[in-house]
file start.pdb (PDB, C-alpha atoms and all ligand atoms)
ATOM      1  CA  MET A 239       0.000   0.000   0.000  1.00  0.00           C
ATOM      2  CA  GLU A 240       2.853   2.372   0.808  1.00  0.00           C
ATOM      3  CA  TYR A 241       4.183   1.743  -2.688  1.00  0.00           C
ATOM      4  CA  ILE A 242       0.886   2.811  -4.326  1.00  0.00           C
ATOM      5  CA  LYS A 243       0.686   5.819  -2.011  1.00  0.00           C
ATOM      6  CA  SER A 244       4.175   6.881  -3.035  1.00  0.00           C
ATOM      7  CA  LYS A 245       2.988   6.968  -6.673  1.00  0.00           C
ATOM      8  CA  ILE A 246      -0.132   9.114  -6.093  1.00  0.00           C
ATOM      9  CA  ARG A 247       0.435  12.790  -6.911  1.00  0.00           C
ATOM     10  CA  ASP A 248      -1.255  15.662  -5.060  1.00  0.00           C
ATOM     11  CA  VAL A 249      -2.175  18.529  -7.411  1.00  0.00           C
ATOM     12  CA  LEU A 250      -3.094  21.730  -5.595  1.00  0.00           C
ATOM     13  CA  ASP A 251      -5.999  23.922  -6.779  1.00  0.00           C
ATOM     14  CA  PHE A 252      -7.220  21.524  -9.489  1.00  0.00           C
ATOM     15  CA  PRO A 253      -9.778  21.723 -11.039  1.00  0.00           C
ATOM     16  CA  GLN A 254     -10.450  24.798  -8.922  1.00  0.00           C
ATOM     17  CA  LYS A 255      -8.918  26.692  -5.999  1.00  0.00           C
ATOM     18  CA  GLY A 256      -8.960  24.913  -2.651  1.00  0.00           C
ATOM     19  CA  ILE A 257      -9.150  21.350  -4.057  1.00  0.00           C
ATOM     20  CA  VAL A 258      -6.239  18.986  -3.444  1.00  0.00           C
ATOM     21  CA  PHE A 259      -6.632  16.664  -6.411  1.00  0.00           C
ATOM     22  CA  LYS A 260      -5.464  13.079  -5.876  1.00  0.00           C
ATOM     23  CA  ASP A 261      -3.916  12.280  -9.242  1.00  0.00           C
ATOM     24  CA  LEU A 262      -3.821   8.527  -9.883  1.00  0.00           C
ATOM     25  CA  THR A 263      -2.353   8.806 -13.385  1.00  0.00           C
ATOM     26  CA  THR A 264       1.102   8.688 -11.796  1.00  0.00           C
ATOM     27  CA  ALA A 265       0.183   5.369 -10.136  1.00  0.00           C
ATOM     28  CA  PHE A 266      -1.527   3.917 -13.241  1.00  0.00           C
ATOM     29  CA  LYS A 267       1.519   4.620 -15.411  1.00  0.00           C
ATOM     30  CA  ASP A 268       3.755   2.690 -13.010  1.00  0.00           C
ATOM     31  CA  PRO A 269       3.599  -1.030 -13.929  1.00  0.00           C
ATOM     32  CA  ARG A 270       4.132  -2.265 -10.372  1.00  0.00           C
ATOM     33  CA  ALA A 271       1.601   0.129  -8.845  1.00  0.00           C
ATOM     34  CA  LEU A 272      -0.988  -0.756 -11.536  1.00  0.00           C
ATOM     35  CA  HIS A 273      -0.462  -4.447 -10.865  1.00  0.00           C
ATOM     36  CA  ILE A 274      -0.796  -4.028  -7.091  1.00  0.00           C
ATOM     37  CA  ILE A 275      -3.957  -1.898  -7.488  1.00  0.00           C
ATOM     38  CA  GLY A 276      -5.595  -4.557  -9.689  1.00  0.00           C
ATOM     39  CA  TRP A 277      -4.580  -7.388  -7.382  1.00  0.00           C
ATOM     40  CA  ASP A 278      -5.516  -5.651  -4.117  1.00  0.00           C
ATOM     41  CA  LEU A 279      -8.897  -4.517  -5.459  1.00  0.00           C
ATOM     42  CA  SER A 280      -9.703  -8.029  -6.653  1.00  0.00           C
ATOM     43  CA  GLN A 281      -8.759  -9.595  -3.302  1.00  0.00           C
ATOM     44  CA  LEU A 282     -11.630  -7.663  -1.699  1.00  0.00           C
ATOM     45  CA  TYR A 283     -14.191  -9.455  -3.916  1.00  0.00           C
ATOM     46  CA  ARG A 284     -12.637 -12.859  -4.741  1.00  0.00           C
ATOM     47  CA  ASP A 285     -15.374 -15.095  -3.312  1.00  0.00           C
ATOM     48  CA  LYS A 286     -18.387 -12.807  -3.739  1.00  0.00           C
ATOM     49  CA  GLY A 287     -19.632 -14.120  -7.091  1.00  0.00           C
ATOM     50  CA  VAL A 288     -19.296 -10.716  -8.769  1.00  0.00           C
ATOM     51  CA  THR A 289     -20.646 -10.760 -12.354  1.00  0.00           C
ATOM     52  CA  LYS A 290     -20.346  -7.056 -13.326  1.00  0.00           C
ATOM     53  CA  VAL A 291     -18.109  -4.149 -12.366  1.00  0.00           C
ATOM     54  CA  VAL A 292     -19.624  -0.732 -13.068  1.00  0.00           C
ATOM     55  CA  GLY A 293     -16.974   1.979 -13.569  1.00  0.00           C
ATOM     56  CA  ILE A 294     -17.875   5.665 -13.250  1.00  0.00           C
ATOM     57  CA  GLU A 295     -16.664   8.042 -15.998  1.00  0.00           C
ATOM     58  CA  SER A 296     -13.957   8.568 -16.530  1.00  0.00           C
ATOM     59  CA  ARG A 297     -11.329   7.767 -13.948  1.00  0.00           C
ATOM     60  CA  GLY A 298     -13.424   4.861 -12.650  1.00  0.00           C
ATOM     61  CA  PHE A 299     -13.035   3.120 -16.027  1.00  0.00           C
ATOM     62  CA  ILE A 300      -9.383   2.322 -15.342  1.00  0.00           C
ATOM     63  CA  GLY A 301      -9.568   0.601 -11.958  1.00  0.00           C
ATOM     64  CA  GLY A 302     -13.008  -0.789 -12.850  1.00  0.00           C
ATOM     65  CA  SER A 303     -11.676  -2.513 -15.939  1.00  0.00           C
ATOM     66  CA  ILE A 304      -8.735  -4.115 -14.201  1.00  0.00           C
ATOM     67  CA  LEU A 305     -10.962  -5.212 -11.322  1.00  0.00           C
ATOM     68  CA  ALA A 306     -13.455  -6.795 -13.758  1.00  0.00           C
ATOM     69  CA  PHE A 307     -10.617  -8.530 -15.609  1.00  0.00           C
ATOM     70  CA  GLU A 308      -9.096  -9.904 -12.379  1.00  0.00           C
ATOM     71  CA  LEU A 309     -12.490 -11.202 -11.200  1.00  0.00           C
ATOM     72  CA  GLY A 310     -13.523 -12.675 -14.558  1.00  0.00           C
ATOM     73  CA  ALA A 311     -16.541 -10.330 -14.480  1.00  0.00           C
ATOM     74  CA  GLY A 312     -17.984  -8.043 -17.157  1.00  0.00           C
ATOM     75  CA  PHE A 313     -17.394  -4.284 -17.264  1.00  0.00           C
ATOM     76  CA  VAL A 314     -20.168  -1.676 -17.546  1.00  0.00           C
ATOM     77  CA  PRO A 315     -19.534   2.071 -18.040  1.00  0.00           C
ATOM     78  CA  CYS A 316     -21.576   4.653 -16.140  1.00  0.00           C
ATOM     79  CA  ARG A 317     -21.213   7.788 -18.298  1.00  0.00           C
ATOM     80  CA  LYS A 318     -21.917  11.494 -18.641  1.00  0.00           C
ATOM     81  CA  PRO A 319     -25.104  12.406 -20.531  1.00  0.00           C
ATOM     82  CA  GLY A 320     -25.331  11.766 -24.258  1.00  0.00           C
ATOM     83  CA  LYS A 321     -22.295   9.459 -24.423  1.00  0.00           C
ATOM     84  CA  LEU A 322     -23.998   6.054 -24.336  1.00  0.00           C
ATOM     85  CA  PRO A 323     -25.553   5.072 -27.676  1.00  0.00           C
ATOM     86  CA  ALA A 324     -28.529   2.902 -26.655  1.00  0.00           C
ATOM     87  CA  ASP A 325     -31.474   3.263 -24.239  1.00  0.00           C
ATOM     88  CA  THR A 326     -30.326   4.718 -20.872  1.00  0.00           C
ATOM     89  CA  ILE A 327     -31.561   5.646 -17.410  1.00  0.00           C
ATOM     90  CA  SER A 328     -30.066   8.685 -15.635  1.00  0.00           C
ATOM     91  CA  ALA A 329     -29.566  10.387 -12.248  1.00  0.00           C
ATOM     92  CA  SER A 330     -28.332  13.871 -11.258  1.00  0.00           C
ATOM     93  CA  TYR A 331     -26.098  14.705  -8.296  1.00  0.00           C
ATOM     94  CA  ASP A 332     -23.940  17.353  -6.580  1.00  0.00           C
ATOM     95  CA  LYS A 333     -20.142  17.114  -6.738  1.00  0.00           C
ATOM     96  CA  GLU A 334     -17.332  18.531  -4.623  1.00  0.00           C
ATOM     97  CA  TYR A 335     -16.989  21.061  -7.462  1.00  0.00           C
ATOM     98  CA  GLY A 336     -20.308  21.426  -9.338  1.00  0.00           C
ATOM     99  CA  LYS A 337     -23.396  19.513 -10.511  1.00  0.00           C
ATOM    100  CA  ASP A 338     -23.549  16.577 -12.902  1.00  0.00           C
ATOM    101  CA  VAL A 339     -25.672  13.802 -14.456  1.00  0.00           C
ATOM    102  CA  ILE A 340     -24.722  10.156 -15.039  1.00  0.00           C
ATOM    103  CA  GLU A 341     -26.304   7.516 -17.241  1.00  0.00           C
ATOM    104  CA  ILE A 342     -26.175   3.768 -17.705  1.00  0.00           C
ATOM    105  CA  HIS A 343     -27.563   1.514 -20.406  1.00  0.00           C
ATOM    106  CA  ARG A 344     -30.909   0.107 -19.317  1.00  0.00           C
ATOM    107  CA  ASP A 345     -29.888  -3.407 -20.400  1.00  0.00           C
ATOM    108  CA  ALA A 346     -26.405  -3.264 -18.801  1.00  0.00           C
ATOM    109  CA  ILE A 347     -27.421  -4.974 -15.541  1.00  0.00           C
ATOM    110  CA  THR A 348     -29.936  -7.789 -14.967  1.00  0.00           C
ATOM    111  CA  GLU A 349     -31.639  -9.164 -11.842  1.00  0.00           C
ATOM    112  CA  ASP A 350     -29.128 -12.053 -11.806  1.00  0.00           C
ATOM    113  CA  ASP A 351     -26.108  -9.771 -11.468  1.00  0.00           C
ATOM    114  CA  ILE A 352     -23.887  -9.210  -8.459  1.00  0.00           C
ATOM    115  CA  VAL A 353     -22.355  -5.781  -8.988  1.00  0.00           C
ATOM    116  CA  VAL A 354     -19.329  -3.843  -7.773  1.00  0.00           C
ATOM    117  CA  LEU A 355     -19.652  -0.100  -8.310  1.00  0.00           C
ATOM    118  CA  HIS A 356     -16.178   1.377  -8.693  1.00  0.00           C
ATOM    119  CA  ASP A 357     -14.737   4.893  -8.782  1.00  0.00           C
ATOM    120  CA  ASP A 358     -11.195   6.131  -8.224  1.00  0.00           C
ATOM    121  CA  VAL A 359     -11.900   8.602  -5.397  1.00  0.00           C
ATOM    122  CA  LEU A 360     -14.608   8.944  -2.724  1.00  0.00           C
ATOM    123  CA  ALA A 361     -14.877  12.682  -1.982  1.00  0.00           C
ATOM    124  CA  THR A 362     -18.341  13.990  -0.968  1.00  0.00           C
ATOM    125  CA  GLY A 363     -19.986  10.748  -2.118  1.00  0.00           C
ATOM    126  CA  GLY A 364     -22.543  12.413  -4.396  1.00  0.00           C
ATOM    127  CA  THR A 365     -21.346  10.672  -7.539  1.00  0.00           C
ATOM    128  CA  MET A 366     -21.418   7.210  -6.019  1.00  0.00           C
ATOM    129  CA  ALA A 367     -24.771   7.775  -4.290  1.00  0.00           C
ATOM    130  CA  ALA A 368     -26.255   8.667  -7.709  1.00  0.00           C
ATOM    131  CA  ALA A 369     -24.618   5.638  -9.346  1.00  0.00           C
ATOM    132  CA  TYR A 370     -25.980   3.379  -6.599  1.00  0.00           C
ATOM    133  CA  GLU A 371     -29.478   4.783  -7.103  1.00  0.00           C
ATOM    134  CA  LEU A 372     -29.145   4.252 -10.846  1.00  0.00           C
ATOM    135  CA  VAL A 373     -27.982   0.642 -10.608  1.00  0.00           C
ATOM    136  CA  SER A 374     -30.596  -0.114  -7.905  1.00  0.00           C
ATOM    137  CA  GLN A 375     -33.303   0.695 -10.455  1.00  0.00           C
ATOM    138  CA  LEU A 376     -32.101  -2.327 -12.449  1.00  0.00           C
ATOM    139  CA  HIS A 377     -32.568  -4.640  -9.397  1.00  0.00           C
ATOM    140  CA  PRO A 378     -29.358  -6.688  -9.276  1.00  0.00           C
ATOM    141  CA  LYS A 379     -29.027  -9.301  -6.492  1.00  0.00           C
ATOM    142  CA  LYS A 380     -26.385  -7.255  -4.667  1.00  0.00           C
ATOM    143  CA  ILE A 381     -24.411  -4.005  -5.075  1.00  0.00           C
ATOM    144  CA  TYR A 382     -20.976  -3.500  -3.504  1.00  0.00           C
ATOM    145  CA  ILE A 383     -19.242  -0.110  -3.527  1.00  0.00           C
ATOM    146  CA  ASN A 384     -15.500   0.306  -4.026  1.00  0.00           C
ATOM    147  CA  PHE A 385     -12.894   3.065  -4.354  1.00  0.00           C
ATOM    148  CA  ILE A 386      -9.133   3.181  -4.686  1.00  0.00           C
ATOM    149  CA  ILE A 387      -8.929   6.336  -2.528  1.00  0.00           C
ATOM    150  CA  GLU A 388     -11.218   7.580   0.256  1.00  0.00           C
ATOM    151  CA  LEU A 389     -10.905  11.195   1.462  1.00  0.00           C
ATOM    152  CA  THR A 390     -12.161  10.521   4.992  1.00  0.00           C
ATOM    153  CA  ALA A 391     -12.350  14.193   6.060  1.00  0.00           C
ATOM    154  CA  LEU A 392     -15.161  14.756   3.524  1.00  0.00           C
ATOM    155  CA  ASN A 393     -17.210  11.948   5.123  1.00  0.00           C
ATOM    156  CA  GLY A 394     -18.561  10.730   1.775  1.00  0.00           C
ATOM    157  CA  ARG A 395     -19.676   7.458   3.356  1.00  0.00           C
ATOM    158  CA  SER A 396     -22.442   9.331   5.183  1.00  0.00           C
ATOM    159  CA  VAL A 397     -24.384   9.900   1.932  1.00  0.00           C
ATOM    160  CA  LEU A 398     -23.993   6.286   0.749  1.00  0.00           C
ATOM    161  CA  PRO A 399     -26.727   3.756   1.588  1.00  0.00           C
ATOM    162  CA  LYS A 400     -26.326   2.546   5.187  1.00  0.00           C
ATOM    163  CA  ASP A 401     -26.620  -1.136   4.261  1.00  0.00           C
ATOM    164  CA  ALA A 402     -24.114  -0.990   1.383  1.00  0.00           C
ATOM    165  CA  GLU A 403     -20.714  -2.666   1.888  1.00  0.00           C
ATOM    166  CA  VAL A 404     -18.150   0.030   1.084  1.00  0.00           C
ATOM    167  CA  THR A 405     -14.415  -0.617   0.662  1.00  0.00           C
ATOM    168  CA  SER A 406     -11.450   1.599  -0.212  1.00  0.00           C
ATOM    169  CA  LEU A 407      -7.804   0.625  -0.680  1.00  0.00           C
ATOM    170  CA  ILE A 408      -6.268   3.851   0.617  1.00  0.00           C
ATOM    171  CA  GLN A 409      -7.578   6.375   3.114  1.00  0.00           C
ATOM    172  CA  TYR A 410      -6.369   9.951   3.572  1.00  0.00           C
TER
HETATM  173  P1  LIG A 501     -17.715  13.015  -5.081  1.00  0.00           P
HETATM  174  O1  LIG A 501     -19.015  12.892  -5.806  1.00  0.00           O
HETATM  175  O2  LIG A 501     -17.557  14.331  -4.397  1.00  0.00           O
HETATM  176  O3  LIG A 501     -17.450  11.849  -4.158  1.00  0.00           O
HETATM  177  O4  LIG A 501     -16.578  13.054  -6.188  1.00  0.00           O
HETATM  178  C1  LIG A 501     -16.066  11.928  -6.685  1.00  0.00           C
HETATM  179  C2  LIG A 501     -15.627  12.103  -8.105  1.00  0.00           C
HETATM  180  O5  LIG A 501     -14.927  13.327  -8.334  1.00  0.00           O
HETATM  181  C3  LIG A 501     -14.706  11.016  -8.481  1.00  0.00           C
HETATM  182  O6  LIG A 501     -15.095  10.589  -9.768  1.00  0.00           O
HETATM  183  C4  LIG A 501     -13.337  11.610  -8.497  1.00  0.00           C
HETATM  184  O7  LIG A 501     -12.700  11.252  -9.692  1.00  0.00           O
HETATM  185  C5  LIG A 501     -13.543  13.104  -8.484  1.00  0.00           C
HETATM  186  N1  LIG A 501     -12.907  13.800  -7.359  1.00  0.00           N
HETATM  187  C6  LIG A 501     -13.531  14.577  -6.457  1.00  0.00           C
HETATM  188  N2  LIG A 501     -12.685  15.119  -5.602  1.00  0.00           N
HETATM  189  C7  LIG A 501     -11.467  14.679  -5.945  1.00  0.00           C
HETATM  190  C8  LIG A 501     -10.151  14.881  -5.419  1.00  0.00           C
HETATM  191  N3  LIG A 501      -9.925  15.677  -4.356  1.00  0.00           N
HETATM  192  N4  LIG A 501      -9.136  14.250  -6.020  1.00  0.00           N
HETATM  193  C9  LIG A 501      -9.357  13.453  -7.099  1.00  0.00           C
HETATM  194  N5  LIG A 501     -10.563  13.232  -7.630  1.00  0.00           N
HETATM  195  C10 LIG A 501     -11.610  13.833  -7.068  1.00  0.00           C
END
call {"tool": "encode", "arguments": {"input": "start.pdb", "output": "structure tokens", "more": "lines below"}}
Ligand code: AMP
result
Amino acid sequence: MEYIKSKIRDVLDFPQKGIVFKDLTTAFKDPRALHIIGWDLSQLYRDKGVTKVVGIESRGFIGGSILAFELGAGFVPCRKPGKLPADTISASYDKEYGKDVIEIHRDAITEDDIVVLHDDVLATGGTMAAAYELVSQLHPKKIYINFIIELTALNGRSVLPKDAEVTSLIQY
């Protein structure tokens, strides 16, 4: 874990003043850190029967894809409006810096699925809460929530469903 941490870059005042942006691109470009992230994420869900990993645009696509690959599960993108080509459902939410909408294909998840929702960073939790609401509408058997980084001072867990199992690899 210390190795991954050593590869995460803090960028001050991005994308706006006052935000300390946790930049994972410096970890993803490092072969050893990328390998450890994929392995450590997958260890959290090895025996849970996960069938789909939902990654949140866009930084959640990276860890989400490697987690899905490690678990032998499918990958589903949760995207910004107008990006997905077929029939979608959508939800709006507040972010640490602004408002946004996310969408998912209506046929991406079925009632037989066991889902891990993945994003790179848990900040205020608004994005993940919206993604959880979205995926819930498709009635999978179970939804887990996962992050690489959790910014504990922002208490994002408080806006996530109380009964959801939430994991993060690294806490700041
Ligand atoms: P939130 O909805 O506030 O939990 O924001 C989570 C989303 O915004 C994630 O998709 C992150 O990629 C991004 N994000 C928010 N705050 C930060 C931060 N301080 N560092 C890196 N990414 C962040």
call {"tool": "residues_near_ligand", "arguments": {"input": "start.pdb", "ligand": "ligand LIG 501 (chain A)", "cutoff": "6 Å", "atoms": "only C-alpha atoms and all ligand atoms", "output": "list in words"}}
result
Ile257, Val258, Phe259, Lys260, Asp261, Arg297, Lys333, Glu334, Asp357, Asp358, Val359, Leu360, Ala361, Thr362, Gly363, Gly364 and Thr365 of chain A
call {"tool": "write_last_selection", "arguments": {"input": "start.pdb", "atoms": "C-alpha atoms", "output": "PDB file, keeping the file's coordinate frame"}}
result
ATOM      1  CA  ILE A 257      -9.150  21.350  -4.057  1.00  0.00           C
ATOM      2  CA  VAL A 258      -6.239  18.986  -3.444  1.00  0.00           C
ATOM      3  CA  PHE A 259      -6.632  16.664  -6.411  1.00  0.00           C
ATOM      4  CA  LYS A 260      -5.464  13.079  -5.876  1.00  0.00           C
ATOM      5  CA  ASP A 261      -3.916  12.280  -9.242  1.00  0.00           C
ATOM      6  CA  ARG A 297     -11.329   7.767 -13.948  1.00  0.00           C
ATOM      7  CA  LYS A 333     -20.142  17.114  -6.738  1.00  0.00           C
ATOM      8  CA  GLU A 334     -17.332  18.531  -4.623  1.00  0.00           C
ATOM      9  CA  ASP A 357     -14.737   4.893  -8.782  1.00  0.00           C
ATOM     10  CA  ASP A 358     -11.195   6.131  -8.224  1.00  0.00           C
ATOM     11  CA  VAL A 359     -11.900   8.602  -5.397  1.00  0.00           C
ATOM     12  CA  LEU A 360     -14.608   8.944  -2.724  1.00  0.00           C
ATOM     13  CA  ALA A 361     -14.877  12.682  -1.982  1.00  0.00           C
ATOM     14  CA  THR A 362     -18.341  13.990  -0.968  1.00  0.00           C
ATOM     15  CA  GLY A 363     -19.986  10.748  -2.118  1.00  0.00           C
ATOM     16  CA  GLY A 364     -22.543  12.413  -4.396  1.00  0.00           C
ATOM     17  CA  THR A 365     -21.346  10.672  -7.539  1.00  0.00           C
TER      18      THR A 365
END
call {"tool": "resolve_selection", "arguments": {"input": "start.pdb", "expression": "the PyMOL selection byres (((chain A and resi 391) around 10) and not hetatm)", "output": "list of chain:residue names"}}
result
A:Ala361, A:Thr362, A:Glu388, A:Leu389, A:Thr390, A:Leu392, A:Asn393, A:Gly394, A:Gln409, A:Tyr410
call {"tool": "closest_residue", "arguments": {"input": "start.pdb", "among": "A:Ile408, A:Ala367, A:Ala346, A:Val288", "to": "Lys379 of chain A", "atoms": "all atoms listed in the file"}}
result
A:Val288
call {"tool": "atom_distance", "arguments": {"input": "start.pdb", "atom1": "atom CA of Pro399 of chain A", "atom2": "atom CA of Leu322 of chain A"}}
result
26.2 Å
call {"tool": "axis_aligned_box", "arguments": {"input": "start.pdb", "around": "segment 321-339 of chain A", "padding_each_side": "5 Å", "output": "JSON"}}
result
{"center_x": -24.3, "center_y": 12.2, "center_z": -16.1, "size_x": 24.6, "size_y": 28.5, "size_z": 33.1}
call {"tool": "resolve_selection", "arguments": {"input": "start.pdb", "expression": "the PyMOL selection byres (((chain A and resi 355) around 6) and not hetatm)", "output": "PyMOL selection string"}}
result
chain A and resi 291-292+354+356+383-384
call {"tool": "residues_around", "arguments": {"input": "start.pdb", "residues": "Gly310 of chain A", "least_positions_apart": "6", "cutoff": "10 Å", "atoms": "only C-alpha atoms", "output": "PyMOL selection string"}}
result
chain A and resi 280+284+287-291+304
call {"tool": "write_last_selection", "arguments": {"input": "start.pdb", "atoms": "C-alpha atoms", "output": "PDB file, keeping the file's coordinate frame"}}
result
ATOM      1  CA  SER A 280      -9.703  -8.029  -6.653  1.00  0.00           C
ATOM      2  CA  ARG A 284     -12.637 -12.859  -4.741  1.00  0.00           C
ATOM      3  CA  GLY A 287     -19.632 -14.120  -7.091  1.00  0.00           C
ATOM      4  CA  VAL A 288     -19.296 -10.716  -8.769  1.00  0.00           C
ATOM      5  CA  THR A 289     -20.646 -10.760 -12.354  1.00  0.00           C
ATOM      6  CA  LYS A 290     -20.346  -7.056 -13.326  1.00  0.00           C
ATOM      7  CA  VAL A 291     -18.109  -4.149 -12.366  1.00  0.00           C
ATOM      8  CA  ILE A 304      -8.735  -4.115 -14.201  1.00  0.00           C
TER       9      ILE A 304
END
call {"tool": "atom_distance", "arguments": {"input": "start.pdb", "atom1": "atom CA of Tyr283 of chain A", "atom2": "atom CA of Ala311 of chain A"}}
result
10.9 Å
